[in-house]
file input-v5.pdb (PDB, C-alpha atoms, pLDDT in the B column)
MODEL        1
ATOM      1  CA  MET A  16     110.635  92.704 147.272  1.00 39.00           C
ATOM      2  CA  SER A  17     107.230  94.030 148.358  1.00 39.00           C
ATOM      3  CA  ASN A  18     104.382  94.532 145.924  1.00 43.00           C
ATOM      4  CA  THR A  19     104.848  98.293 146.161  1.00 50.00           C
ATOM      5  CA  ASP A  20     108.441  97.830 144.937  1.00 65.00           C
ATOM      6  CA  HIS A  21     107.515  95.283 142.280  1.00 82.00           C
ATOM      7  CA  PRO A  22     108.111  96.630 138.747  1.00 87.00           C
ATOM      8  CA  MET A  23     104.912  94.921 137.639  1.00 90.00           C
ATOM      9  CA  GLU A  24     102.906  96.884 140.181  1.00 93.00           C
ATOM     10  CA  LYS A  25     103.231  99.821 137.783  1.00 92.00           C
ATOM     11  CA  LEU A  26     101.740  97.696 135.007  1.00 95.00           C
ATOM     12  CA  VAL A  27      98.872  96.784 137.322  1.00 95.00           C
ATOM     13  CA  ARG A  28      98.186 100.482 137.964  1.00 92.00           C
ATOM     14  CA  LYS A  29      98.332 101.225 134.243  1.00 93.00           C
ATOM     15  CA  LEU A  30      95.851  98.528 133.266  1.00 95.00           C
ATOM     16  CA  ALA A  31      93.616  99.346 136.235  1.00 93.00           C
ATOM     17  CA  SER A  32      93.349 102.899 134.888  1.00 91.00           C
ATOM     18  CA  ARG A  33      91.971 101.405 131.669  1.00 93.00           C
ATOM     19  CA  ASN A  34      89.460  98.969 133.168  1.00 93.00           C
ATOM     20  CA  VAL A  35      88.292  97.828 136.594  1.00 93.00           C
ATOM     21  CA  LEU A  36      90.368  94.816 137.679  1.00 96.00           C
ATOM     22  CA  SER A  37      89.664  92.372 140.480  1.00 97.00           C
ATOM     23  CA  SER A  38      92.329  91.445 143.024  1.00 97.00           C
ATOM     24  CA  GLU A  39      92.665  88.114 141.206  1.00 97.00           C
ATOM     25  CA  ASP A  40      93.262  89.937 137.931  1.00 98.00           C
ATOM     26  CA  GLN A  41      95.907  92.105 139.551  1.00 97.00           C
ATOM     27  CA  ASN A  42      97.666  89.149 141.148  1.00 97.00           C
ATOM     28  CA  ALA A  43      97.721  87.367 137.787  1.00 97.00           C
ATOM     29  CA  ILE A  44      99.476  90.387 136.246  1.00 97.00           C
ATOM     30  CA  LEU A  45     102.023  90.449 139.066  1.00 95.00           C
ATOM     31  CA  ALA A  46     102.772  86.773 138.435  1.00 95.00           C
ATOM     32  CA  LEU A  47     103.727  87.306 134.773  1.00 96.00           C
ATOM     33  CA  PRO A  48     107.317  86.387 133.824  1.00 95.00           C
ATOM     34  CA  TYR A  49     109.448  89.434 133.004  1.00 96.00           C
ATOM     35  CA  VAL A  50     112.996  90.749 132.874  1.00 96.00           C
ATOM     36  CA  THR A  51     114.185  94.325 133.304  1.00 96.00           C
ATOM     37  CA  ARG A  52     116.393  95.896 130.656  1.00 97.00           C
ATOM     38  CA  THR A  53     118.193  99.221 130.342  1.00 98.00           C
ATOM     39  CA  TYR A  54     118.696 101.063 127.060  1.00 98.00           C
ATOM     40  CA  GLU A  55     120.967 104.002 126.349  1.00 98.00           C
ATOM     41  CA  PRO A  56     119.594 107.070 124.520  1.00 97.00           C
ATOM     42  CA  ASN A  57     118.959 106.451 120.804  1.00 96.00           C
ATOM     43  CA  SER A  58     119.086 102.666 121.244  1.00 97.00           C
ATOM     44  CA  TYR A  59     116.570 100.735 119.156  1.00 97.00           C
ATOM     45  CA  LEU A  60     114.076  98.567 121.007  1.00 96.00           C
ATOM     46  CA  ILE A  61     112.223  97.630 117.833  1.00 94.00           C
ATOM     47  CA  ARG A  62     113.272  97.934 114.194  1.00 95.00           C
ATOM     48  CA  GLU A  63     110.853  98.090 111.296  1.00 96.00           C
ATOM     49  CA  GLY A  64     110.692  94.811 109.381  1.00 95.00           C
ATOM     50  CA  GLU A  65     112.029  92.654 112.207  1.00 95.00           C
ATOM     51  CA  LEU A  66     110.166  89.730 113.705  1.00 94.00           C
ATOM     52  CA  ALA A  67     108.258  90.656 116.845  1.00 89.00           C
ATOM     53  CA  LYS A  68     110.155  90.127 120.097  1.00 90.00           C
ATOM     54  CA  ARG A  69     109.260  87.364 122.528  1.00 92.00           C
ATOM     55  CA  TYR A  70     108.202  90.020 124.995  1.00 93.00           C
ATOM     56  CA  CYS A  71     106.244  93.276 125.251  1.00 94.00           C
ATOM     57  CA  SER A  72     108.007  96.224 126.871  1.00 96.00           C
ATOM     58  CA  PHE A  73     106.552  98.338 129.676  1.00 96.00           C
ATOM     59  CA  VAL A  74     108.344 101.589 130.532  1.00 97.00           C
ATOM     60  CA  LEU A  75     109.583 101.806 134.131  1.00 96.00           C
ATOM     61  CA  SER A  76     111.692 104.951 133.781  1.00 95.00           C
ATOM     62  CA  GLY A  77     112.846 107.250 131.018  1.00 96.00           C
ATOM     63  CA  PHE A  78     111.280 108.131 127.680  1.00 97.00           C
ATOM     64  CA  ALA A  79     110.933 106.485 124.264  1.00 98.00           C
ATOM     65  CA  TYR A  80     109.417 107.348 120.916  1.00 98.00           C
ATOM     66  CA  ARG A  81     107.972 105.603 117.882  1.00 97.00           C
ATOM     67  CA  GLN A  82     109.180 106.722 114.485  1.00 97.00           C
ATOM     68  CA  LYS A  83     108.991 105.993 110.771  1.00 97.00           C
ATOM     69  CA  LEU A  84     111.638 106.668 108.133  1.00 96.00           C
ATOM     70  CA  THR A  85     111.146 107.512 104.475  1.00 96.00           C
ATOM     71  CA  ALA A  86     113.254 105.821 101.801  1.00 95.00           C
ATOM     72  CA  GLN A  87     115.411 108.963 101.788  1.00 96.00           C
ATOM     73  CA  GLY A  88     115.957 108.754 105.572  1.00 94.00           C
ATOM     74  CA  ALA A  89     113.625 111.559 106.694  1.00 95.00           C
ATOM     75  CA  ARG A  90     112.169 110.805 110.114  1.00 97.00           C
ATOM     76  CA  GLN A  91     108.654 111.321 111.452  1.00 98.00           C
ATOM     77  CA  ILE A  92     108.200 110.816 115.194  1.00 98.00           C
ATOM     78  CA  VAL A  93     104.651 109.531 115.634  1.00 97.00           C
ATOM     79  CA  SER A  94     104.343 109.227 119.428  1.00 96.00           C
ATOM     80  CA  LEU A  95     106.145 109.787 122.728  1.00 97.00           C
ATOM     81  CA  HIS A  96     106.163 107.321 125.617  1.00 97.00           C
ATOM     82  CA  MET A  97     106.920 107.785 129.294  1.00 95.00           C
ATOM     83  CA  PRO A  98     106.908 105.742 132.529  1.00 94.00           C
ATOM     84  CA  GLY A  99     103.701 103.750 132.755  1.00 93.00           C
ATOM     85  CA  ASP A 100     103.324 103.223 128.997  1.00 95.00           C
ATOM     86  CA  ILE A 101     103.194  99.873 127.219  1.00 94.00           C
ATOM     87  CA  LEU A 102     105.282 100.113 124.066  1.00 93.00           C
ATOM     88  CA  ASP A 103     104.223  97.251 121.851  1.00 86.00           C
ATOM     89  CA  LEU A 104     101.011  95.448 122.744  1.00 89.00           C
ATOM     90  CA  GLN A 105     100.383  95.115 119.010  1.00 85.00           C
ATOM     91  CA  HIS A 106     103.115  92.494 118.918  1.00 86.00           C
ATOM     92  CA  LEU A 107     100.965  90.117 120.904  1.00 89.00           C
ATOM     93  CA  PHE A 108      99.483  89.271 117.527  1.00 89.00           C
ATOM     94  CA  LEU A 109     101.340  91.081 114.715  1.00 90.00           C
ATOM     95  CA  LYS A 110     104.361  89.080 113.592  1.00 92.00           C
ATOM     96  CA  LEU A 111     106.423  91.865 111.975  1.00 94.00           C
ATOM     97  CA  ALA A 112     107.289  95.326 113.297  1.00 94.00           C
ATOM     98  CA  ASP A 113     105.946  98.074 111.018  1.00 94.00           C
ATOM     99  CA  HIS A 114     107.795 100.963 112.714  1.00 95.00           C
ATOM    100  CA  ASN A 115     110.815 101.695 114.895  1.00 96.00           C
ATOM    101  CA  VAL A 116     110.889 102.302 118.639  1.00 97.00           C
ATOM    102  CA  GLN A 117     113.895 104.112 120.134  1.00 98.00           C
ATOM    103  CA  ALA A 118     114.977 105.260 123.566  1.00 98.00           C
ATOM    104  CA  LEU A 119     114.727 109.042 123.829  1.00 98.00           C
ATOM    105  CA  THR A 120     116.610 109.109 127.141  1.00 97.00           C
ATOM    106  CA  LYS A 121     118.174 106.385 129.232  1.00 97.00           C
ATOM    107  CA  LEU A 122     115.331 103.911 129.480  1.00 98.00           C
ATOM    108  CA  GLU A 123     114.419 101.066 131.807  1.00 97.00           C
ATOM    109  CA  THR A 124     111.736  98.587 130.819  1.00 97.00           C
ATOM    110  CA  ALA A 125     110.044  95.526 132.224  1.00 97.00           C
ATOM    111  CA  ASP A 126     109.921  93.152 129.276  1.00 96.00           C
ATOM    112  CA  VAL A 127     106.937  90.883 129.847  1.00 96.00           C
ATOM    113  CA  ASP A 128     106.751  87.430 128.320  1.00 94.00           C
ATOM    114  CA  ARG A 129     104.504  87.653 125.235  1.00 94.00           C
ATOM    115  CA  ASP A 130     103.085  84.139 125.561  1.00 94.00           C
ATOM    116  CA  GLY A 131     102.242  84.808 129.197  1.00 94.00           C
ATOM    117  CA  LEU A 132     100.370  87.966 128.221  1.00 95.00           C
ATOM    118  CA  ARG A 133      98.423  86.064 125.564  1.00 94.00           C
ATOM    119  CA  VAL A 134      97.361  83.414 128.080  1.00 95.00           C
ATOM    120  CA  LEU A 135      96.430  86.116 130.592  1.00 96.00           C
ATOM    121  CA  ALA A 136      94.282  87.915 128.013  1.00 94.00           C
ATOM    122  CA  THR A 137      92.512  84.639 127.178  1.00 94.00           C
ATOM    123  CA  GLU A 138      91.855  83.615 130.763  1.00 96.00           C
ATOM    124  CA  ARG A 139      91.000  87.029 132.227  1.00 97.00           C
ATOM    125  CA  PRO A 140      88.552  89.066 130.136  1.00 97.00           C
ATOM    126  CA  ALA A 141      88.866  92.184 132.288  1.00 97.00           C
ATOM    127  CA  VAL A 142      92.620  92.279 131.661  1.00 97.00           C
ATOM    128  CA  ALA A 143      92.079  91.658 127.942  1.00 96.00           C
ATOM    129  CA  GLN A 144      89.634  94.575 127.864  1.00 96.00           C
ATOM    130  CA  ALA A 145      92.154  96.808 129.645  1.00 95.00           C
ATOM    131  CA  MET A 146      94.819  95.966 127.057  1.00 95.00           C
ATOM    132  CA  TRP A 147      92.352  96.502 124.210  1.00 94.00           C
ATOM    133  CA  ILE A 148      91.382  99.901 125.649  1.00 94.00           C
ATOM    134  CA  ASP A 149      95.062 100.839 125.938  1.00 94.00           C
ATOM    135  CA  ALA A 150      95.547 100.046 122.245  1.00 93.00           C
ATOM    136  CA  LEU A 151      92.464 102.126 121.377  1.00 94.00           C
ATOM    137  CA  VAL A 152      93.844 105.067 123.352  1.00 94.00           C
ATOM    138  CA  ASP A 153      97.089 104.792 121.379  1.00 95.00           C
ATOM    139  CA  ALA A 154      94.989 105.027 118.208  1.00 95.00           C
ATOM    140  CA  SER A 155      93.199 108.090 119.587  1.00 96.00           C
ATOM    141  CA  VAL A 156      96.538 109.794 120.228  1.00 97.00           C
ATOM    142  CA  PHE A 157      97.726 108.950 116.718  1.00 96.00           C
ATOM    143  CA  ARG A 158      94.592 110.611 115.293  1.00 97.00           C
ATOM    144  CA  GLU A 159      95.303 113.773 117.269  1.00 98.00           C
ATOM    145  CA  TRP A 160      98.904 113.828 116.049  1.00 98.00           C
ATOM    146  CA  VAL A 161      97.721 113.527 112.433  1.00 97.00           C
ATOM    147  CA  MET A 162      95.456 116.520 113.062  1.00 97.00           C
ATOM    148  CA  ASN A 163      98.339 118.391 114.659  1.00 97.00           C
ATOM    149  CA  VAL A 164     100.736 117.908 111.746  1.00 97.00           C
ATOM    150  CA  GLY A 165      98.126 118.187 109.009  1.00 96.00           C
ATOM    151  CA  ARG A 166      95.914 121.101 110.054  1.00 96.00           C
ATOM    152  CA  ARG A 167      97.530 123.259 112.745  1.00 97.00           C
ATOM    153  CA  ASN A 168     100.067 126.022 112.236  1.00 97.00           C
ATOM    154  CA  ALA A 169     103.583 125.852 113.690  1.00 97.00           C
ATOM    155  CA  ARG A 170     102.769 127.829 116.844  1.00 97.00           C
ATOM    156  CA  THR A 171      99.749 125.669 117.627  1.00 98.00           C
ATOM    157  CA  ARG A 172     101.555 122.411 116.807  1.00 98.00           C
ATOM    158  CA  ILE A 173     104.362 123.038 119.255  1.00 98.00           C
ATOM    159  CA  ALA A 174     102.060 124.434 121.935  1.00 97.00           C
ATOM    160  CA  HIS A 175      99.884 121.326 121.579  1.00 98.00           C
ATOM    161  CA  LEU A 176     102.870 118.996 121.929  1.00 97.00           C
ATOM    162  CA  LEU A 177     103.934 120.808 125.110  1.00 96.00           C
ATOM    163  CA  CYS A 178     100.423 120.697 126.571  1.00 96.00           C
ATOM    164  CA  GLU A 179     100.075 116.980 125.866  1.00 96.00           C
ATOM    165  CA  PHE A 180     103.455 116.180 127.381  1.00 95.00           C
ATOM    166  CA  ALA A 181     102.739 118.205 130.532  1.00 94.00           C
ATOM    167  CA  THR A 182      99.269 116.699 130.953  1.00 94.00           C
ATOM    168  CA  ARG A 183     100.481 113.143 130.579  1.00 94.00           C
ATOM    169  CA  MET A 184     103.391 113.764 132.968  1.00 92.00           C
ATOM    170  CA  LYS A 185     101.003 115.129 135.578  1.00 91.00           C
ATOM    171  CA  PHE A 186      98.611 112.186 135.245  1.00 89.00           C
ATOM    172  CA  ALA A 187     101.549 109.771 135.556  1.00 88.00           C
ATOM    173  CA  GLY A 188     102.566 111.517 138.801  1.00 88.00           C
ATOM    174  CA  LEU A 189     105.887 112.695 137.344  1.00 89.00           C
ATOM    175  CA  ASN A 190     105.364 116.427 137.909  1.00 83.00           C
ATOM    176  CA  ASN A 191     102.719 119.050 138.670  1.00 78.00           C
ATOM    177  CA  GLY A 192     101.892 119.638 135.011  1.00 69.00           C
ATOM    178  CA  GLU A 193     103.223 123.196 135.059  1.00 75.00           C
ATOM    179  CA  ASN A 194     107.017 122.779 135.388  1.00 86.00           C
ATOM    180  CA  PHE A 195     108.857 120.044 133.552  1.00 90.00           C
ATOM    181  CA  GLU A 196     111.931 119.047 131.611  1.00 91.00           C
ATOM    182  CA  LEU A 197     111.218 118.321 127.955  1.00 92.00           C
ATOM    183  CA  PRO A 198     113.659 115.522 127.008  1.00 95.00           C
ATOM    184  CA  MET A 199     113.701 116.381 123.301  1.00 96.00           C
ATOM    185  CA  THR A 200     116.093 118.281 121.097  1.00 96.00           C
ATOM    186  CA  GLN A 201     114.715 120.917 118.756  1.00 96.00           C
ATOM    187  CA  GLU A 202     115.389 118.519 115.878  1.00 97.00           C
ATOM    188  CA  GLN A 203     113.267 115.852 117.586  1.00 97.00           C
ATOM    189  CA  ILE A 204     110.474 118.362 118.262  1.00 97.00           C
ATOM    190  CA  GLY A 205     110.631 119.209 114.565  1.00 98.00           C
ATOM    191  CA  ASP A 206     110.408 115.546 113.595  1.00 98.00           C
ATOM    192  CA  ALA A 207     107.309 115.209 115.802  1.00 98.00           C
ATOM    193  CA  THR A 208     105.610 118.310 114.386  1.00 98.00           C
ATOM    194  CA  GLY A 209     106.746 118.308 110.755  1.00 97.00           C
ATOM    195  CA  LEU A 210     108.919 121.418 111.174  1.00 97.00           C
ATOM    196  CA  THR A 211     112.596 122.260 110.763  1.00 97.00           C
ATOM    197  CA  SER A 212     114.717 122.745 113.873  1.00 96.00           C
ATOM    198  CA  VAL A 213     115.146 126.407 112.871  1.00 97.00           C
ATOM    199  CA  HIS A 214     111.372 126.856 112.768  1.00 97.00           C
ATOM    200  CA  VAL A 215     111.040 125.096 116.130  1.00 97.00           C
ATOM    201  CA  ASN A 216     113.631 127.406 117.685  1.00 95.00           C
ATOM    202  CA  ARG A 217     111.899 130.496 116.352  1.00 97.00           C
ATOM    203  CA  THR A 218     108.463 129.296 117.507  1.00 97.00           C
ATOM    204  CA  LEU A 219     109.661 128.465 121.026  1.00 95.00           C
ATOM    205  CA  LYS A 220     111.178 131.928 121.292  1.00 95.00           C
ATOM    206  CA  LEU A 221     107.907 133.508 120.187  1.00 95.00           C
ATOM    207  CA  LEU A 222     105.920 131.481 122.749  1.00 95.00           C
ATOM    208  CA  ALA A 223     108.322 132.741 125.420  1.00 94.00           C
ATOM    209  CA  GLU A 224     108.125 136.327 124.161  1.00 94.00           C
ATOM    210  CA  ASP A 225     104.335 136.112 124.265  1.00 94.00           C
ATOM    211  CA  GLY A 226     104.557 135.147 127.936  1.00 93.00           C
ATOM    212  CA  LEU A 227     103.094 131.677 127.461  1.00 94.00           C
ATOM    213  CA  VAL A 228     106.131 129.658 128.540  1.00 94.00           C
ATOM    214  CA  TYR A 229     109.288 130.266 130.511  1.00 93.00           C
ATOM    215  CA  ARG A 230     112.363 128.425 129.233  1.00 89.00           C
ATOM    216  CA  ASP A 231     115.610 127.547 130.952  1.00 88.00           C
ATOM    217  CA  LYS A 232     117.398 125.248 128.519  1.00 81.00           C
ATOM    218  CA  ARG A 233     115.186 122.135 128.464  1.00 84.00           C
ATOM    219  CA  TYR A 234     113.179 123.148 131.527  1.00 91.00           C
ATOM    220  CA  LEU A 235     109.835 124.758 130.760  1.00 92.00           C
ATOM    221  CA  SER A 236     107.004 126.187 132.794  1.00 93.00           C
ATOM    222  CA  PHE A 237     103.647 127.572 131.765  1.00 92.00           C
ATOM    223  CA  THR A 238     102.882 131.096 132.915  1.00 88.00           C
ATOM    224  CA  ASP A 239      99.195 130.929 131.909  1.00 90.00           C
ATOM    225  CA  TRP A 240      97.852 127.403 131.408  1.00 91.00           C
ATOM    226  CA  GLU A 241      94.413 128.422 130.131  1.00 94.00           C
ATOM    227  CA  HIS A 242      95.901 130.798 127.571  1.00 95.00           C
ATOM    228  CA  MET A 243      98.439 128.174 126.525  1.00 95.00           C
ATOM    229  CA  ARG A 244      95.699 125.566 126.172  1.00 96.00           C
ATOM    230  CA  SER A 245      93.704 127.946 123.984  1.00 97.00           C
ATOM    231  CA  VAL A 246      96.687 128.701 121.745  1.00 97.00           C
ATOM    232  CA  ALA A 247      97.376 124.955 121.480  1.00 97.00           C
ATOM    233  CA  ASP A 248      93.777 124.062 120.592  1.00 97.00           C
ATOM    234  CA  PHE A 249      94.266 121.474 123.342  1.00 97.00           C
ATOM    235  CA  SER A 250      91.678 119.289 125.032  1.00 96.00           C
ATOM    236  CA  SER A 251      92.741 116.196 126.973  1.00 94.00           C
ATOM    237  CA  LEU A 252      89.653 114.268 125.809  1.00 94.00           C
ATOM    238  CA  TYR A 253      91.655 112.231 123.272  1.00 96.00           C
ATOM    239  CA  LEU A 254      94.011 110.985 126.002  1.00 95.00           C
ATOM    240  CA  HIS A 255      91.184 109.164 127.841  1.00 92.00           C
ATOM    241  CA  LEU A 256      93.117 109.591 131.082  1.00 88.00           C
ATOM    242  CA  ASP A 257      90.620 108.019 133.480  1.00 76.00           C
ATOM    243  CA  GLN A 258      88.774 105.439 131.407  1.00 77.00           C
ATOM    244  CA  ALA A 259      88.231 103.115 134.384  1.00 65.00           C
ATOM    245  CA  GLY A 260      86.647 105.921 136.443  1.00 67.00           C
ATOM    246  CA  LEU A 261      83.842 106.495 133.938  1.00 67.00           C
ATOM    247  CA  PRO A 262      80.481 104.674 133.964  1.00 69.00           C
ATOM    248  CA  ALA A 263      80.106 101.689 131.642  1.00 64.00           C
ATOM    249  CA  PRO A 264      78.584 102.473 128.207  1.00 64.00           C
TER     250      PRO A 264
ENDMDL
END

call {"tool": "encode", "arguments": {"input": "input-v5.pdb", "output": "C-alpha cells"}}
result
Amino acid sequence: MSNTDHPMEKLVRKLASRNVLSSEDQNAILALPYVTRTYEPNSYLIREGELAKRYCSFVLSGFAYRQKLTAQGARQIVSLHMPGDILDLQHLFLKLADHNVQALTKLETADVDRDGLRVLATERPAVAQAMWIDALVDASVFREWVMNVGRRNARTRIAHLLCEFATRMKFAGLNNGENFELPMTQEQIGDATGLTSVHVNRTLKLLAEDGLVYRDKRYLSFTDWEHMRSVADFSSLYLHLDQAGLPAP
C-alpha cells in the first residue's frame, strides 16, 4: 500500500491543515497503530456514560453525528462529522463519554490506538498543537450551533446548516460546494436545529419557492450563494478552515 492509499494519510492531511508539520511529524502519524471499522447507519460508536474506547476514531468515509438525549428521550444533534474529521480526541484524556456518537450513513473509520496518540502528542509538540487546535475548532463550531438554535429563526437556522455543510464538503474536496446530497432526514435536520420535522419541511419548501435552493429529494443546489449566505447569516470564520495557512500569532 502506498502512502497515497494509506488511510492514515488522510489524518496527516487533516492535522497538517491545523498546524505546520515536519516530514518527521507526518511519518510518525503514519506509523500509528490503527484498525479500520465499518458501521451501519444509526450504529453507536460511543454511548454516553461508557468508558472511553481504547482508540480514537477518524472518519474515512460516510457521515456521523454527536447527540444528547433528555431523560424523556428527546434528541438534540450537536454536530455533524464527515470524511477527514476526528470524532473523539477528547477521549485521549476524559475517561467517560458525556454524549453519544452515531453513524448517520454507512461509515468507515480508522480507529487509532489511544495510547499511541498520547505518546505522539508528548513526543511531537507540533502534532500535539494540531490536535489541540482541532479540539478548539470543534468548540468554535459548538458555539455557532448554540447561536443558531438559540437566536436565529427557523428559516435562518436551516439555511445556516445547509451553508455550513456545503462549505465543509467543499473544503474536504467532496463536492464543489454548490451541489450536494444532504444525508439527513427532515427529523434529523429538526433535531439539529430545534424544530419539528413539519416545520423543517415547510421551511425547505419556502427556501425553494424563494429561489434560494433547488431540491431533488436529498440532492440540493444553491441558485444564489451570496443571497443564501445572507439569509443564513453565514460566515465561515468559525470553521477556521485553513488554520495552518495563517501567520503565527

call {"tool": "resolve_selection", "arguments": {"input": "input-v5.pdb", "expression": "the PyMOL selection byres ((chain A and resi 130) around 8)", "output": "PyMOL selection string"}}
result
chain A and resi 69-70+107+128-129+131-134

call {"tool": "closest_residue", "arguments": {"input": "input-v5.pdb", "among": "A:Gln144, A:Phe249, A:Gln117, A:Thr211", "to": "A:Trp160", "atoms": "all atoms listed in the file"}}
result
A:Phe249

call {"tool": "closest_residue", "arguments": {"input": "input-v5.pdb", "among": "A:Ser32, A:Asn190, A:Thr238, A:Ser72", "to": "A:Leu256", "atoms": "all atoms listed in the file"}}
result
A:Ser32

call {"tool": "residues_around", "arguments": {"input": "input-v5.pdb", "residues": "A:Ala150", "least_positions_apart": "3", "cutoff": "12 Å", "atoms": "all atoms listed in the file", "output": "list in words"}}
result
Leu30, Arg33, Asp100, Ile101, Leu102, Asp103, Leu104, Gln105, His106, Leu107, Ala143, Gln144, Ala145, Met146, Trp147, Asp153, Ala154, Ser155, Val156, Phe157, Leu254 and His255 of chain A

call {"tool": "residues_around", "arguments": {"input": "input-v5.pdb", "residues": "A:Thr171", "least_positions_apart": "2", "cutoff": "9 Å", "atoms": "all atoms listed in the file", "output": "ChimeraX atom specification"}}
result
/A:163,167-169,173-176,246-249

call {"tool": "residues_around", "arguments": {"input": "input-v5.pdb", "residues": "stretch 230-235 of chain A", "least_positions_apart": "5", "cutoff": "6 Å", "atoms": "all atoms listed in the file", "output": "list in words"}}
result
Asn194, Phe195, Glu196 and Leu197 of chain A

call {"tool": "atom_distance", "arguments": {"input": "input-v5.pdb", "atom1": "atom CA of A:Tyr49", "atom2": "atom CA of A:Asp126"}}
result
5.3 Å

call {"tool": "closest_residue", "arguments": {"input": "input-v5.pdb", "among": "A:Ala207, A:Glu39, A:Met243, A:Arg139", "to": "A:Tyr229", "atoms": "all atoms listed in the file"}}
result
A:Met243

call {"tool": "atom_distance", "arguments": {"input": "input-v5.pdb", "atom1": "atom CA of A:Thr208", "atom2": "atom CA of A:Thr53"}}
result
27.9 Å

call {"tool": "axis_aligned_box", "arguments": {"input": "input-v5.pdb", "around": "stretch 248-256 of chain A", "padding_each_side": "6 Å", "output": "lines of an AutoDock Vina configuration file"}}
result
center_x = 92.0
center_y = 116.6
center_z = 125.8
size_x = 16.6
size_y = 26.9
size_z = 22.5

call {"tool": "closest_residue", "arguments": {"input": "input-v5.pdb", "among": "A:Val215, A:Leu36, A:Met162, A:Cys178", "to": "A:Glu202", "atoms": "only C-alpha atoms"}}
result
A:Val215

call {"tool": "atom_distance", "arguments": {"input": "input-v5.pdb", "atom1": "atom CA of A:Leu109", "atom2": "atom CA of A:Pro48"}}
result
20.6 Å

call {"tool": "closest_residue", "arguments": {"input": "input-v5.pdb", "among": "A:Ala118, A:Cys71, A:Val228, A:Met23", "to": "A:Tyr54", "atoms": "only C-alpha atoms"}}
result
A:Ala118

call {"tool": "closest_residue", "arguments": {"input": "input-v5.pdb", "among": "A:Phe73, A:Phe237, A:Phe78, A:Tyr253", "to": "A:Ala125", "atoms": "all atoms listed in the file"}}
result
A:Phe73

call {"tool": "resolve_selection", "arguments": {"input": "input-v5.pdb", "expression": "the PyMOL selection byres ((chain A and resi 45) around 12)", "output": "list in words"}}
result
Ser17, Asn18, Thr19, Asp20, His21, Pro22, Met23, Glu24, Lys25, Leu26, Val27, Arg28, Leu30, Ser38, Glu39, Asp40, Gln41, Asn42, Ala43, Ile44, Ala46, Leu47, Pro48, Tyr49, Ala125, Val127, Gly131, Leu132 and Leu135 of chain A

call {"tool": "write_last_selection", "arguments": {"input": "input-v5.pdb", "atoms": "C-alpha atoms", "output": "compact mmCIF listing (two decimals), keeping the file's coordinate frame"}}
result
# COMPACT_ATOMS: atom_id res chain seq x y z
CA SER A 17 107.23 94.03 148.36
CA ASN A 18 104.38 94.53 145.92
CA THR A 19 104.85 98.29 146.16
CA ASP A 20 108.44 97.83 144.94
CA HIS A 21 107.52 95.28 142.28
CA PRO A 22 108.11 96.63 138.75
CA MET A 23 104.91 94.92 137.64
CA GLU A 24 102.91 96.88 140.18
CA LYS A 25 103.23 99.82 137.78
CA LEU A 26 101.74 97.70 135.01
CA VAL A 27 98.87 96.78 137.32
CA ARG A 28 98.19 100.48 137.96
CA LEU A 30 95.85 98.53 133.27
CA SER A 38 92.33 91.44 143.02
CA GLU A 39 92.66 88.11 141.21
CA ASP A 40 93.26 89.94 137.93
CA GLN A 41 95.91 92.10 139.55
CA ASN A 42 97.67 89.15 141.15
CA ALA A 43 97.72 87.37 137.79
CA ILE A 44 99.48 90.39 136.25
CA ALA A 46 102.77 86.77 138.44
CA LEU A 47 103.73 87.31 134.77
CA PRO A 48 107.32 86.39 133.82
CA TYR A 49 109.45 89.43 133.00
CA ALA A 125 110.04 95.53 132.22
CA VAL A 127 106.94 90.88 129.85
CA GLY A 131 102.24 84.81 129.20
CA LEU A 132 100.37 87.97 128.22
CA LEU A 135 96.43 86.12 130.59

call {"tool": "resolve_selection", "arguments": {"input": "input-v5.pdb", "expression": "the PyMOL selection byres ((chain A and resi 182-188) around 8)", "output": "VMD selection string"}}
result
chain A and resid 97 to 99 178 to 181 189 to 192 251 256

call {"tool": "residues_around", "arguments": {"input": "input-v5.pdb", "residues": "A:Asn57", "least_positions_apart": "6", "cutoff": "10 Å", "atoms": "all atoms listed in the file", "output": "PyMOL selection string"}}
result
chain A and resi 79-80+116-122

call {"tool": "decode", "arguments": {"input": "input-v5.pdb", "residues": "stretch 182-196 of chain A", "atoms": "C-alpha atoms", "output": "compact mmCIF listing (two decimals), in the first residue's frame"}}
result
# COMPACT_ATOMS: atom_id res chain seq x y z
CA THR A 182 -18.73 24.75 2.83
CA ARG A 183 -17.20 21.92 4.81
CA MET A 184 -17.86 19.44 1.98
CA LYS A 185 -16.12 21.74 -0.48
CA PHE A 186 -13.09 22.23 1.78
CA ALA A 187 -12.86 18.45 2.28
CA GLY A 188 -12.81 18.01 -1.52
CA LEU A 189 -16.11 16.10 -1.52
CA ASN A 190 -18.01 18.41 -3.88
CA ASN A 191 -17.96 21.88 -5.43
CA GLY A 192 -19.88 23.47 -2.56
CA GLU A 193 -22.91 24.23 -4.72
CA ASN A 194 -24.43 20.79 -5.45
CA PHE A 195 -24.56 18.10 -2.80
CA GLU A 196 -26.55 15.32 -1.21
